[in-house]
$ cat structure17.pdb   # PDB, C-alpha atoms
ATOM      1  CA  MET T   6       1.493  21.719  -7.565
ATOM      2  CA  GLY T   7       3.235  18.371  -8.057
ATOM      3  CA  THR T   8       4.615  18.478  -4.522
ATOM      4  CA  VAL T   9       1.168  19.119  -3.029
ATOM      5  CA  LEU T  10      -0.356  16.203  -4.968
ATOM      6  CA  ARG T  11       2.539  13.888  -4.102
ATOM      7  CA  THR T  12       2.261  14.909  -0.453
ATOM      8  CA  ILE T  13      -1.474  14.129  -0.401
ATOM      9  CA  ALA T  14      -0.853  10.750  -2.059
ATOM     10  CA  GLY T  15       2.010  10.024   0.355
ATOM     11  CA  TYR T  16      -0.095  10.981   3.378
ATOM     12  CA  VAL T  17      -3.017   8.778   2.344
ATOM     13  CA  LEU T  18      -0.754   5.819   1.525
ATOM     14  CA  LEU T  19       1.181   6.217   4.765
ATOM     15  CA  LEU T  20      -2.020   6.498   6.789
ATOM     16  CA  LEU T  21      -3.402   3.349   5.169
ATOM     17  CA  THR T  22      -0.186   1.378   5.623
ATOM     18  CA  VAL T  23       0.252   2.369   9.254
ATOM     19  CA  ARG T  24      -3.433   1.749   9.921
ATOM     20  CA  VAL T  25      -3.389  -1.784   8.561
ATOM     21  CA  LEU T  26      -0.337  -2.566  10.662
ATOM     22  CA  SER T  27      -1.736  -3.966  13.863
ATOM     23  CA  ARG T  28      -1.784  -1.854  16.993
ATOM     24  CA  ARG T  29       1.216  -2.572  19.169
ATOM     25  CA  PRO T  30      -0.010  -3.692  22.600
ATOM     26  CA  GLY T  31       1.658  -1.575  25.235
ATOM     27  CA  GLY T  32       1.374   1.617  23.236
ATOM     28  CA  GLN T  33       5.145   2.040  22.865
ATOM     29  CA  LEU T  34       7.380   1.543  19.885
ATOM     30  CA  THR T  35       9.800  -1.341  19.995
ATOM     31  CA  LEU T  36      13.203  -1.091  18.312
ATOM     32  CA  TYR T  37      12.097  -2.915  15.201
ATOM     33  CA  GLU T  38       9.082  -0.607  14.893
ATOM     34  CA  PHE T  39      11.480   2.342  14.924
ATOM     35  CA  VAL T  40      12.994   0.803  11.786
ATOM     36  CA  ILE T  41       9.598   0.967  10.085
ATOM     37  CA  VAL T  42       9.015   4.565  11.174
ATOM     38  CA  PHE T  43      12.383   5.805   9.925
ATOM     39  CA  LEU T  44      12.382   3.775   6.711
ATOM     40  CA  ILE T  45       8.842   4.662   5.662
ATOM     41  CA  GLY T  46       9.353   8.287   6.701
ATOM     42  CA  GLY T  47      12.553   8.640   4.703
ATOM     43  CA  THR T  48      11.067   6.962   1.642
ATOM     44  CA  VAL T  49       7.989   9.169   1.642
ATOM     45  CA  ILE T  50      10.097  12.318   2.038
ATOM     46  CA  ALA T  51      12.235  11.370  -0.967
ATOM     47  CA  ALA T  52       9.166  10.734  -3.155
ATOM     48  CA  THR T  53       7.352  13.836  -1.923
ATOM     49  CA  VAL T  54       9.908  16.570  -2.479
ATOM     50  CA  GLY T  55      11.661  14.852  -5.415
ATOM     51  CA  ASP T  56      14.784  16.653  -6.548
ATOM     52  CA  ASP T  57      13.453  20.097  -5.605
ATOM     53  CA  HIS T  58      15.010  20.783  -2.220
ATOM     54  CA  SER T  59      14.137  24.463  -2.165
ATOM     55  CA  VAL T  60      12.717  26.076   0.961
ATOM     56  CA  THR T  61       9.561  26.902  -1.008
ATOM     57  CA  ASN T  62       8.971  23.288  -2.022
ATOM     58  CA  CYS T  63       9.635  21.887   1.449
ATOM     59  CA  SER T  64       7.430  24.575   3.014
ATOM     60  CA  MET T  65       4.552  23.622   0.706
ATOM     61  CA  ALA T  66       4.950  19.960   1.663
ATOM     62  CA  ILE T  67       4.964  20.787   5.387
ATOM     63  CA  ILE T  68       1.909  23.036   5.075
ATOM     64  CA  THR T  69       0.083  20.347   3.083
ATOM     65  CA  VAL T  70       0.793  17.727   5.761
ATOM     66  CA  GLY T  71      -0.385  20.171   8.447
ATOM     67  CA  LEU T  72      -3.639  20.880   6.610
ATOM     68  CA  LEU T  73      -4.250  17.191   5.930
ATOM     69  CA  HIS T  74      -3.706  16.403   9.583
ATOM     70  CA  ARG T  75      -6.128  19.158  10.573
ATOM     71  CA  ALA T  76      -8.696  17.879   8.048
ATOM     72  CA  VAL T  77      -8.446  14.338   9.422
ATOM     73  CA  SER T  78      -8.870  15.631  12.987
ATOM     74  CA  TRP T  79     -11.915  17.639  11.884
ATOM     75  CA  GLY T  80     -13.387  14.565  10.204
ATOM     76  CA  LYS T  81     -12.850  12.513  13.369
ATOM     77  CA  GLU T  82     -14.669  15.117  15.460
ATOM     78  CA  ARG T  83     -17.598  15.202  13.049
ATOM     79  CA  SER T  84     -18.035  11.488  12.458
ATOM     80  CA  SER T  85     -17.548   8.647  14.893
ATOM     81  CA  ARG T  86     -17.450   6.213  11.961
ATOM     82  CA  PHE T  87     -14.614   8.162  10.335
ATOM     83  CA  ALA T  88     -12.827   8.228  13.709
ATOM     84  CA  ALA T  89     -13.217   4.447  13.900
ATOM     85  CA  VAL T  90     -11.722   4.080  10.407
ATOM     86  CA  ILE T  91      -8.720   6.243  11.343
ATOM     87  CA  ASP T  92      -8.095   5.058  14.898
ATOM     88  CA  GLY T  93     -10.099   1.832  15.235
ATOM     89  CA  THR T  94     -12.242   1.162  18.276
ATOM     90  CA  PRO T  95     -11.289  -0.180  21.697
ATOM     91  CA  LEU T  96     -11.319  -3.973  21.856
ATOM     92  CA  VAL T  97     -12.361  -6.092  24.785
ATOM     93  CA  LEU T  98      -9.737  -8.797  25.354
ATOM     94  CA  ILE T  99     -11.013 -10.203  28.629
ATOM     95  CA  ARG T 100     -14.708  -9.942  29.397
ATOM     96  CA  ARG T 101     -16.071 -10.957  32.777
ATOM     97  CA  GLY T 102     -12.924 -12.923  33.378
ATOM     98  CA  GLU T 103     -13.061 -14.771  30.030
ATOM     99  CA  TRP T 104     -10.522 -14.532  27.223
ATOM    100  CA  GLN T 105     -11.999 -13.211  23.970
ATOM    101  CA  ASN T 106      -9.968 -15.517  21.755
ATOM    102  CA  ALA T 107     -11.181 -14.296  18.348
ATOM    103  CA  THR T 108     -10.415 -10.692  19.268
ATOM    104  CA  LEU T 109      -7.022 -11.634  20.692
ATOM    105  CA  ARG T 110      -6.125 -13.445  17.486
ATOM    106  CA  HIS T 111      -7.205 -10.624  15.185
ATOM    107  CA  ALA T 112      -5.552  -7.958  17.339
ATOM    108  CA  HIS T 113      -2.321  -9.999  17.563
ATOM    109  CA  VAL T 114      -2.354  -9.747  21.341
ATOM    110  CA  ASP T 115      -1.327 -12.629  23.589
ATOM    111  CA  ALA T 116      -1.524 -13.368  27.277
ATOM    112  CA  GLN T 117       2.012 -12.053  27.790
ATOM    113  CA  ASP T 118       0.987  -8.584  26.631
ATOM    114  CA  ILE T 119      -1.950  -8.522  29.011
ATOM    115  CA  MET T 120       0.077  -9.793  31.933
ATOM    116  CA  ALA T 121       2.774  -7.194  31.238
ATOM    117  CA  ALA T 122       0.107  -4.505  31.566
ATOM    118  CA  ALA T 123      -1.261  -6.246  34.666
ATOM    119  CA  ARG T 124       2.130  -6.406  36.383
ATOM    120  CA  ALA T 125       2.665  -2.713  35.694
ATOM    121  CA  LYS T 126      -0.486  -2.099  37.730
ATOM    122  CA  GLY T 127       0.445  -4.456  40.544
ATOM    123  CA  ILE T 128      -1.895  -7.238  39.422
ATOM    124  CA  ALA T 129      -0.273 -10.605  39.975
ATOM    125  CA  SER T 130      -2.773 -13.022  38.424
ATOM    126  CA  VAL T 131      -5.094 -13.026  35.447
ATOM    127  CA  ARG T 132      -7.840 -14.257  37.762
ATOM    128  CA  GLU T 133      -7.962 -10.806  39.299
ATOM    129  CA  ILE T 134      -8.842  -9.228  35.943
ATOM    130  CA  GLU T 135     -12.489  -8.797  35.076
ATOM    131  CA  TYR T 136     -12.028  -6.693  31.938
ATOM    132  CA  ALA T 137      -8.976  -6.073  29.770
ATOM    133  CA  ILE T 138      -9.399  -3.538  27.000
ATOM    134  CA  LEU T 139      -7.011  -2.770  24.158
ATOM    135  CA  GLU T 140      -7.330   0.988  23.743
ATOM    136  CA  ARG T 141      -7.059   2.875  20.453
ATOM    137  CA  ASN T 142      -3.540   4.067  21.301
ATOM    138  CA  GLY T 143      -2.386   0.493  21.923
ATOM    139  CA  SER T 144      -2.382   0.631  25.717
ATOM    140  CA  ILE T 145      -4.220  -2.058  27.693
ATOM    141  CA  SER T 146      -6.673  -0.932  30.376
ATOM    142  CA  LEU T 147      -7.483  -3.358  33.160
ATOM    143  CA  LEU T 148     -10.476  -3.502  35.476
ATOM    144  CA  VAL T 149     -10.156  -5.863  38.397
ATOM    145  CA  HIS T 150     -12.906  -7.886  40.049
ATOM    146  CA  ARG T 151     -14.713  -5.819  42.627
ATOM    147  CA  GLY T 152     -15.057  -8.753  44.953
ATOM    148  CA  PRO T 153     -12.439 -11.351  45.824
ATOM    149  CA  PRO T 154     -11.347 -13.513  42.853
ATOM    150  CA  GLU T 155     -13.173 -16.790  42.430
TER     151      GLU T 155
ATOM    152  CA  MET Y  11     -26.021  24.773  38.778
ATOM    153  CA  THR Y  12     -26.056  24.402  34.983
ATOM    154  CA  LEU Y  13     -24.768  27.454  33.193
ATOM    155  CA  PRO Y  14     -26.143  28.339  29.730
ATOM    156  CA  TRP Y  15     -22.917  27.277  27.986
ATOM    157  CA  THR Y  16     -22.623  23.989  29.801
ATOM    158  CA  LYS Y  17     -24.672  20.808  29.799
ATOM    159  CA  PRO Y  18     -24.763  17.801  32.090
ATOM    160  CA  ALA Y  19     -22.329  15.026  31.172
ATOM    161  CA  ARG Y  20     -24.251  12.135  29.652
ATOM    162  CA  GLU Y  21     -23.108   8.692  28.626
ATOM    163  CA  ARG Y  22     -21.889   8.949  25.039
ATOM    164  CA  VAL Y  23     -19.821   5.793  24.829
ATOM    165  CA  SER Y  24     -21.565   2.440  24.413
ATOM    166  CA  LYS Y  25     -21.281   0.010  27.320
ATOM    167  CA  ILE Y  26     -20.547  -3.669  27.449
ATOM    168  CA  ASP Y  27     -22.496  -5.856  29.857
ATOM    169  CA  ASP Y  28     -24.353  -2.683  30.789
ATOM    170  CA  GLU Y  29     -21.569  -1.663  33.122
ATOM    171  CA  VAL Y  30     -18.299  -0.718  31.396
ATOM    172  CA  ALA Y  31     -18.258   2.174  28.908
ATOM    173  CA  VAL Y  32     -15.834   0.936  26.267
ATOM    174  CA  GLY Y  33     -17.185   2.008  22.892
ATOM    175  CA  GLU Y  34     -16.270  -1.304  21.292
ATOM    176  CA  ASP Y  35     -17.819  -1.848  17.858
ATOM    177  CA  LEU Y  36     -17.071  -5.472  17.105
ATOM    178  CA  ARG Y  37     -19.091  -5.527  13.901
ATOM    179  CA  PHE Y  38     -17.070  -2.620  12.530
ATOM    180  CA  GLN Y  39     -13.828  -4.246  13.694
ATOM    181  CA  GLN Y  40     -14.663  -7.526  11.960
ATOM    182  CA  ALA Y  41     -15.353  -5.644   8.735
ATOM    183  CA  TRP Y  42     -12.105  -3.753   9.249
ATOM    184  CA  TRP Y  43     -10.085  -6.967   9.750
ATOM    185  CA  ARG Y  44     -11.523  -8.305   6.484
ATOM    186  CA  PHE Y  45     -10.539  -5.023   4.801
ATOM    187  CA  GLU Y  46      -7.074  -5.249   6.377
ATOM    188  CA  ARG Y  47      -6.582  -8.708   4.917
ATOM    189  CA  SER Y  48      -7.630  -7.538   1.458
ATOM    190  CA  VAL Y  49      -5.257  -4.532   1.719
ATOM    191  CA  TRP Y  50      -2.324  -6.817   2.501
ATOM    192  CA  ILE Y  51      -3.254  -9.084  -0.421
ATOM    193  CA  PHE Y  52      -3.422  -5.974  -2.607
ATOM    194  CA  PHE Y  53      -0.008  -4.806  -1.345
ATOM    195  CA  VAL Y  54       1.547  -8.202  -2.094
ATOM    196  CA  LEU Y  55      -0.010  -8.116  -5.557
ATOM    197  CA  LEU Y  56       1.399  -4.627  -6.129
ATOM    198  CA  LEU Y  57       4.865  -5.803  -5.146
ATOM    199  CA  ALA Y  58       4.607  -8.819  -7.464
ATOM    200  CA  LEU Y  59       3.577  -6.549 -10.344
ATOM    201  CA  ASP Y  60       6.437  -4.196  -9.503
ATOM    202  CA  LEU Y  61       8.963  -7.043  -9.508
ATOM    203  CA  ALA Y  62       7.622  -8.092 -12.904
ATOM    204  CA  GLY Y  63       8.167  -4.554 -14.150
ATOM    205  CA  VAL Y  64       4.567  -3.507 -14.707
ATOM    206  CA  PHE Y  65       5.465  -0.172 -13.101
ATOM    207  CA  GLY Y  66       8.755   0.082 -14.968
ATOM    208  CA  ARG Y  67      12.268  -1.177 -14.320
ATOM    209  CA  GLY Y  68      11.615  -4.874 -14.920
ATOM    210  CA  PRO Y  69      11.204  -7.589 -17.545
ATOM    211  CA  VAL Y  70       7.713  -6.460 -18.623
ATOM    212  CA  ALA Y  71       8.957  -2.902 -19.161
ATOM    213  CA  ASN Y  72      11.889  -3.857 -21.410
ATOM    214  CA  ALA Y  73      11.045  -3.718 -25.102
ATOM    215  CA  GLU Y  74      12.712  -4.122 -28.455
ATOM    216  CA  ALA Y  75      11.629  -2.911 -31.855
ATOM    217  CA  ARG Y  76      12.989  -3.000 -35.374
ATOM    218  CA  SER Y  77      12.190  -0.736 -38.287
ATOM    219  CA  ALA Y  78      10.413  -2.283 -41.314
ATOM    220  CA  ASP Y  79      13.578  -2.331 -43.420
ATOM    221  CA  GLY Y  80      15.769  -3.626 -40.582
ATOM    222  CA  ALA Y  81      17.944  -0.520 -40.629
ATOM    223  CA  VAL Y  82      17.277   0.414 -37.003
ATOM    224  CA  ASP Y  83      17.106  -1.789 -33.926
ATOM    225  CA  LEU Y  84      15.817  -0.209 -30.771
ATOM    226  CA  ARG Y  85      15.996  -1.326 -27.155
ATOM    227  CA  TYR Y  86      13.996   0.819 -24.769
ATOM    228  CA  GLU Y  87      11.679   0.734 -21.770
ATOM    229  CA  ARG Y  88       8.020   0.795 -22.752
ATOM    230  CA  ILE Y  89       7.164   1.749 -19.163
ATOM    231  CA  GLU Y  90       9.197   4.539 -17.619
ATOM    232  CA  ARG Y  91       9.036   6.318 -14.277
ATOM    233  CA  SER Y  92       8.933  10.085 -14.130
ATOM    234  CA  GLY Y  93      12.105  11.622 -12.763
ATOM    235  CA  THR Y  94      13.992   8.346 -13.186
ATOM    236  CA  PRO Y  95      16.826   7.961 -15.710
ATOM    237  CA  SER Y  96      16.771   5.222 -18.349
ATOM    238  CA  VAL Y  97      18.667   4.402 -21.513
ATOM    239  CA  MET Y  98      17.377   3.919 -25.027
ATOM    240  CA  THR Y  99      19.824   2.084 -27.285
ATOM    241  CA  VAL Y 100      19.645   2.488 -31.054
ATOM    242  CA  SER Y 101      21.615   0.145 -33.282
ATOM    243  CA  LEU Y 102      22.123   1.219 -36.867
ATOM    244  CA  ALA Y 103      22.685  -1.604 -39.357
ATOM    245  CA  ALA Y 104      25.078  -1.382 -42.270
ATOM    246  CA  ASN Y 105      22.288  -0.345 -44.668
ATOM    247  CA  ALA Y 106      21.526   2.640 -42.388
ATOM    248  CA  VAL Y 107      24.969   4.146 -42.580
ATOM    249  CA  GLN Y 108      25.215   6.927 -45.118
ATOM    250  CA  SER Y 109      28.960   6.893 -45.551
ATOM    251  CA  PRO Y 110      31.739   4.744 -44.067
ATOM    252  CA  ASP Y 111      32.350   7.180 -41.230
ATOM    253  CA  THR Y 112      29.027   8.999 -40.750
ATOM    254  CA  ALA Y 113      25.545   8.022 -39.643
ATOM    255  CA  GLU Y 114      22.434  10.132 -39.224
ATOM    256  CA  LEU Y 115      19.592   9.558 -36.832
ATOM    257  CA  PHE Y 116      16.269  11.363 -36.723
ATOM    258  CA  VAL Y 117      14.418  11.540 -33.375
ATOM    259  CA  SER Y 118      10.976  13.035 -32.899
ATOM    260  CA  GLU Y 119      10.444  16.045 -30.674
ATOM    261  CA  SER Y 120       8.791  13.862 -28.001
ATOM    262  CA  ILE Y 121      12.099  12.105 -27.269
ATOM    263  CA  VAL Y 122      13.770  15.408 -26.517
ATOM    264  CA  GLY Y 123      10.725  16.974 -24.840
ATOM    265  CA  ALA Y 124       8.303  14.661 -23.039
ATOM    266  CA  LEU Y 125      10.747  11.778 -22.630
ATOM    267  CA  GLY Y 126      13.496  14.153 -21.510
ATOM    268  CA  ALA Y 127      16.598  13.183 -23.506
ATOM    269  CA  ARG Y 128      19.505  14.328 -21.303
ATOM    270  CA  ARG Y 129      22.542  13.015 -23.087
ATOM    271  CA  ILE Y 130      23.426  11.276 -26.317
ATOM    272  CA  ILE Y 131      26.409   8.980 -26.584
ATOM    273  CA  PRO Y 132      28.438   9.381 -28.749
ATOM    274  CA  GLN Y 133      28.269  13.131 -28.845
ATOM    275  CA  PRO Y 134      26.721  14.134 -32.202
ATOM    276  CA  ALA Y 135      29.054  15.972 -34.540
ATOM    277  CA  ALA Y 136      26.130  18.086 -35.733
ATOM    278  CA  THR Y 137      22.452  18.583 -34.947
ATOM    279  CA  ARG Y 138      19.887  19.749 -37.474
ATOM    280  CA  VAL Y 139      16.402  20.920 -36.610
ATOM    281  CA  THR Y 140      13.885  19.274 -38.925
ATOM    282  CA  ALA Y 141      10.117  19.023 -39.098
ATOM    283  CA  ASN Y 142       8.842  17.468 -35.818
ATOM    284  CA  GLY Y 143      12.245  16.692 -34.419
ATOM    285  CA  LEU Y 144      15.996  16.716 -34.640
ATOM    286  CA  THR Y 145      18.481  14.931 -36.852
ATOM    287  CA  TYR Y 146      21.849  14.066 -35.381
ATOM    288  CA  ARG Y 147      24.986  13.243 -37.346
ATOM    289  CA  PHE Y 148      27.500  10.949 -35.688
ATOM    290  CA  PRO Y 149      31.040  10.038 -36.608
ATOM    291  CA  ILE Y 150      31.242   6.233 -36.594
ATOM    292  CA  GLY Y 151      33.924   3.647 -37.036
ATOM    293  CA  GLY Y 152      31.750   1.262 -39.053
ATOM    294  CA  ALA Y 153      28.459  -0.629 -38.897
ATOM    295  CA  PRO Y 154      26.655  -1.641 -36.824
ATOM    296  CA  ALA Y 155      26.794   1.626 -34.953
ATOM    297  CA  ARG Y 156      25.270   2.013 -31.555
ATOM    298  CA  VAL Y 157      23.807   5.218 -30.121
ATOM    299  CA  ARG Y 158      22.681   5.566 -26.516
ATOM    300  CA  ILE Y 159      20.111   8.163 -25.548
ATOM    301  CA  GLU Y 160      19.723   8.826 -21.829
ATOM    302  CA  LEU Y 161      16.154   9.724 -20.930
ATOM    303  CA  GLU Y 162      14.556  11.192 -17.837
ATOM    304  CA  PRO Y 163      10.870  11.990 -18.367
ATOM    305  CA  SER Y 164       9.518  14.594 -15.989
ATOM    306  CA  THR Y 165       5.759  14.129 -16.323
ATOM    307  CA  PRO Y 166       3.524  11.039 -16.380
ATOM    308  CA  GLY Y 167       1.517  10.135 -19.487
ATOM    309  CA  VAL Y 168       1.573   8.132 -22.689
ATOM    310  CA  PHE Y 169       4.025   9.489 -25.244
ATOM    311  CA  ALA Y 170       4.443   8.349 -28.820
ATOM    312  CA  PHE Y 171       7.813   8.771 -30.467
ATOM    313  CA  GLU Y 172       9.523   7.934 -33.680
ATOM    314  CA  LEU Y 173      13.107   7.641 -34.758
ATOM    315  CA  GLY Y 174      14.972   6.383 -37.747
ATOM    316  CA  VAL Y 175      17.386   7.096 -40.527
ATOM    317  CA  PRO Y 176      16.422  10.074 -42.709
ATOM    318  CA  GLY Y 177      14.897   8.899 -45.978
ATOM    319  CA  ARG Y 178      13.844   5.529 -44.588
ATOM    320  CA  PRO Y 179      10.621   4.449 -42.880
ATOM    321  CA  PRO Y 180      10.765   5.521 -39.213
ATOM    322  CA  LEU Y 181      10.271   3.264 -36.236
ATOM    323  CA  ARG Y 182       7.243   4.229 -34.144
ATOM    324  CA  ALA Y 183       6.516   3.253 -30.546
ATOM    325  CA  ARG Y 184       4.876   4.469 -27.373
ATOM    326  CA  VAL Y 185       6.121   4.863 -23.834
ATOM    327  CA  LEU Y 186       3.982   4.920 -20.718
ATOM    328  CA  VAL Y 187       5.461   7.153 -18.046
ATOM    329  CA  VAL Y 188       4.148   6.346 -14.584
ATOM    330  CA  PRO Y 189       4.358   8.810 -11.659
TER     331      PRO Y 189
END
$ encode --input "structure17.pdb" --output "structure tokens"
Amino acid sequence: MGTVLRTIAGYVLLLLTVRVLSRRPGGQLTLYEFVIVFLIGGTVIAATVGDDHSVTNCSMAIITVGLLHRAVSWGKERSSRFAAVIDGTPLVLIRRGEWQNATLRHAHVDAQDIMAAARAKGIASVREIEYAILERNGSISLLVHRGPPE
Amino acid sequence: MTLPWTKPARERVSKIDDEVAVGEDLRFQQAWWRFERSVWIFFVLLLALDLAGVFGRGPVANAEARSADGAVDLRYERIERSGTPSVMTVSLAANAVQSPDTAELFVSESIVGALGARRIIPQPAATRVTANGLTYRFPIGGAPARVRIELEPSTPGVFAFELGVPGRPPLRARVLVVP
């Protein structure tokens, strides 16, 4: 009983903490983000199972996490607003060739991140980009001008 | 051909500039960024309270109490954490010592039960079950005598306890055990 409640509390707290951390542009973990993943993960495990390391207790914690994950997925399918709360929404960083400075600032994305994504797609200059979109998984999608750049 | 269990794909994601289907919801995002900021402020506040000991293990949690007749001095943590060890120190003054080499200490059942007394130092020479608690007898080398009770509460809650020297007014206090 205690393990199930602690697991639910740990899941909700972890979800909130990870969610309020900004999305990492590029969609991949850097080394210092690995530190966060391991440290938070280890801390939550210790608080969740406590000093009961039995197979039964650990199984209950795993099953609880699985069910919570399934419940969150179900909620995301049913409600686009809930999905936005859990995953956020895509953000337009460049719109019709113009930087969206307020969005860039809030999303903690800079020109370097966008140009890194551009180079990966063979785009040499920002002037070729018509739209840059920060996706929910942290990757940056780029749409180039259909005509020649101005 | 449209089969009965299929339907034509329609635009379900909102567009920007009427041409790119992105699904951006800037109004929601702005509200979320405000929420994010308040969550971080809340987290910092929580950490500050934790450092102060509001959730145990800090200056706010440490407490001292003295019985009405001054026979018993108690140092304990008024805020404990469940599953976490702590120490309660009882000092018995000269007027609390029954004989030159023996002292008795009564502790309520809640110290042994809810607050999870694990060990008592020094080891009592004898333990007597009394109404609502236990009375320990310790061999001592003189006053003041100091007794340490190691606690490890297992469940959260507010627990009242009392302890003292038999025949004298007991010392009463409460402990908040946080999860």
$ atom_distance --input "structure17.pdb" --atom1 "atom CA of Ile134 of chain T" --atom2 "atom CA of Arg101 of chain T"
8.1 Å
$ interface_residues --input "structure17.pdb" --of "chain T" --to "chain Y" --cutoff "6 Å" --atoms "all atoms listed in the file" --output "list in words"
Val25, Thr94, Pro95 and Leu96 of chain T
$ atom_distance --input "structure17.pdb" --atom1 "atom CA of Gly46 of chain T" --atom2 "atom CA of Arg141 of chain T"
22.1 Å
$ atom_distance --input "structure17.pdb" --atom1 "atom CA of Val77 of chain T" --atom2 "atom CA of Ile91 of chain T"
8.3 Å
$ closest_residue --input "structure17.pdb" --among "Y:Ala183, Y:Leu13, Y:Ala136, Y:Ala81" --to "Thr112 of chain Y" --atoms "only C-alpha atoms"
Y:Ala136
$ closest_residue --input "structure17.pdb" --among "T:Gly93, T:Gly7, T:Gly102, T:Gly143" --to "Asp56 of chain T" --atoms "all atoms listed in the file"
T:Gly7
$ resolve_selection --input "structure17.pdb" --expression "the PyMOL selection byres ((chain Y and resi 158) around 12)" --output "short mmCIF file (atom, residue, chain, number, x, y, z; two decimals) with C-alpha atoms, keeping the file's coordinate frame"
data_model
loop_
_atom_site.label_atom_id
_atom_site.label_comp_id
_atom_site.auth_asym_id
_atom_site.auth_seq_id
_atom_site.Cartn_x
_atom_site.Cartn_y
_atom_site.Cartn_z
CA ASP Y 83 17.11 -1.79 -33.93
CA LEU Y 84 15.82 -0.21 -30.77
CA ARG Y 85 16.00 -1.33 -27.16
CA TYR Y 86 14.00 0.82 -24.77
CA SER Y 96 16.77 5.22 -18.35
CA VAL Y 97 18.67 4.40 -21.51
CA MET Y 98 17.38 3.92 -25.03
CA THR Y 99 19.82 2.08 -27.28
CA VAL Y 100 19.64 2.49 -31.05
CA SER Y 101 21.62 0.14 -33.28
CA LEU Y 102 22.12 1.22 -36.87
CA LEU Y 115 19.59 9.56 -36.83
CA ALA Y 127 16.60 13.18 -23.51
CA ARG Y 128 19.50 14.33 -21.30
CA ARG Y 129 22.54 13.02 -23.09
CA ILE Y 130 23.43 11.28 -26.32
CA ILE Y 131 26.41 8.98 -26.58
CA PRO Y 132 28.44 9.38 -28.75
CA GLN Y 133 28.27 13.13 -28.84
CA PRO Y 134 26.72 14.13 -32.20
CA PHE Y 148 27.50 10.95 -35.69
CA ALA Y 155 26.79 1.63 -34.95
CA ARG Y 156 25.27 2.01 -31.56
CA VAL Y 157 23.81 5.22 -30.12
CA ILE Y 159 20.11 8.16 -25.55
CA GLU Y 160 19.72 8.83 -21.83
CA LEU Y 161 16.15 9.72 -20.93
#
$ resolve_selection --input "structure17.pdb" --expression "the PyMOL selection byres ((chain T and resi 120) around 12)" --output "CSV table (one decimal) with C-alpha atoms, in the coordinates of the input"
chain,number,residue,atom,x,y,z
T,30,PRO,CA,0.0,-3.7,22.6
T,31,GLY,CA,1.7,-1.6,25.2
T,98,LEU,CA,-9.7,-8.8,25.4
T,99,ILE,CA,-11.0,-10.2,28.6
T,114,VAL,CA,-2.4,-9.7,21.3
T,115,ASP,CA,-1.3,-12.6,23.6
T,116,ALA,CA,-1.5,-13.4,27.3
T,117,GLN,CA,2.0,-12.1,27.8
T,118,ASP,CA,1.0,-8.6,26.6
T,119,ILE,CA,-2.0,-8.5,29.0
T,121,ALA,CA,2.8,-7.2,31.2
T,122,ALA,CA,0.1,-4.5,31.6
T,123,ALA,CA,-1.3,-6.2,34.7
T,124,ARG,CA,2.1,-6.4,36.4
T,125,ALA,CA,2.7,-2.7,35.7
T,126,LYS,CA,-0.5,-2.1,37.7
T,127,GLY,CA,0.4,-4.5,40.5
T,128,ILE,CA,-1.9,-7.2,39.4
T,129,ALA,CA,-0.3,-10.6,40.0
T,130,SER,CA,-2.8,-13.0,38.4
T,131,VAL,CA,-5.1,-13.0,35.4
T,132,ARG,CA,-7.8,-14.3,37.8
T,133,GLU,CA,-8.0,-10.8,39.3
T,134,ILE,CA,-8.8,-9.2,35.9
T,137,ALA,CA,-9.0,-6.1,29.8
T,145,ILE,CA,-4.2,-2.1,27.7
T,146,SER,CA,-6.7,-0.9,30.4
T,147,LEU,CA,-7.5,-3.4,33.2
$ closest_residue --input "structure17.pdb" --among "Y:Pro166, Y:Gly63, Y:Pro154, Y:Gly177" --to "Leu125 of chain Y" --atoms "all atoms listed in the file"
Y:Pro166
$ resolve_selection --input "structure17.pdb" --expression "the PyMOL selection byres ((chain Y and resi 80) around 9)" --output "ChimeraX atom specification"
/Y:76-79,81-83,102-103,105-106
$ residues_near_point --input "structure17.pdb" --point "(11.6, 0.1, -22.8)" --cutoff "6 Å" --atoms "only C-alpha atoms" --output "number ranges by chain"
Y: 71-73, 86-89
$ decode --input "structure17.pdb" --residues "segment 69-75 of chain T" --atoms "N, CA and C atoms" --output "JSON list (two decimals), in the first residue's frame"
[["chain", "number", "residue", "atom", "x", "y", "z"],
["T", 69, "THR", "N", 2.80, -0.41, -10.77],
["T", 69, "THR", "CA", 2.18, 0.90, -10.57],
["T", 69, "THR", "C", 2.68, 1.90, -11.62],
["T", 70, "VAL", "N", 4.00, 1.90, -11.85],
["T", 70, "VAL", "CA", 4.55, 2.82, -12.86],
["T", 70, "VAL", "C", 3.96, 2.49, -14.23],
["T", 71, "GLY", "N", 3.87, 1.20, -14.55],
["T", 71, "GLY", "CA", 3.30, 0.79, -15.84],
["T", 71, "GLY", "C", 1.87, 1.27, -15.99],
["T", 72, "LEU", "N", 1.06, 1.09, -14.95],
["T", 72, "LEU", "CA", -0.34, 1.52, -15.02],
["T", 72, "LEU", "C", -0.45, 3.05, -15.12],
["T", 73, "LEU", "N", 0.39, 3.75, -14.37],
["T", 73, "LEU", "CA", 0.37, 5.21, -14.43],
["T", 73, "LEU", "C", 0.71, 5.69, -15.84],
["T", 74, "HIS", "N", 1.72, 5.05, -16.41],
["T", 74, "HIS", "CA", 2.14, 5.42, -17.76],
["T", 74, "HIS", "C", 1.01, 5.18, -18.75],
["T", 75, "ARG", "N", 0.34, 4.05, -18.59],
["T", 75, "ARG", "CA", -0.79, 3.72, -19.47],
["T", 75, "ARG", "C", -1.91, 4.74, -19.28]]
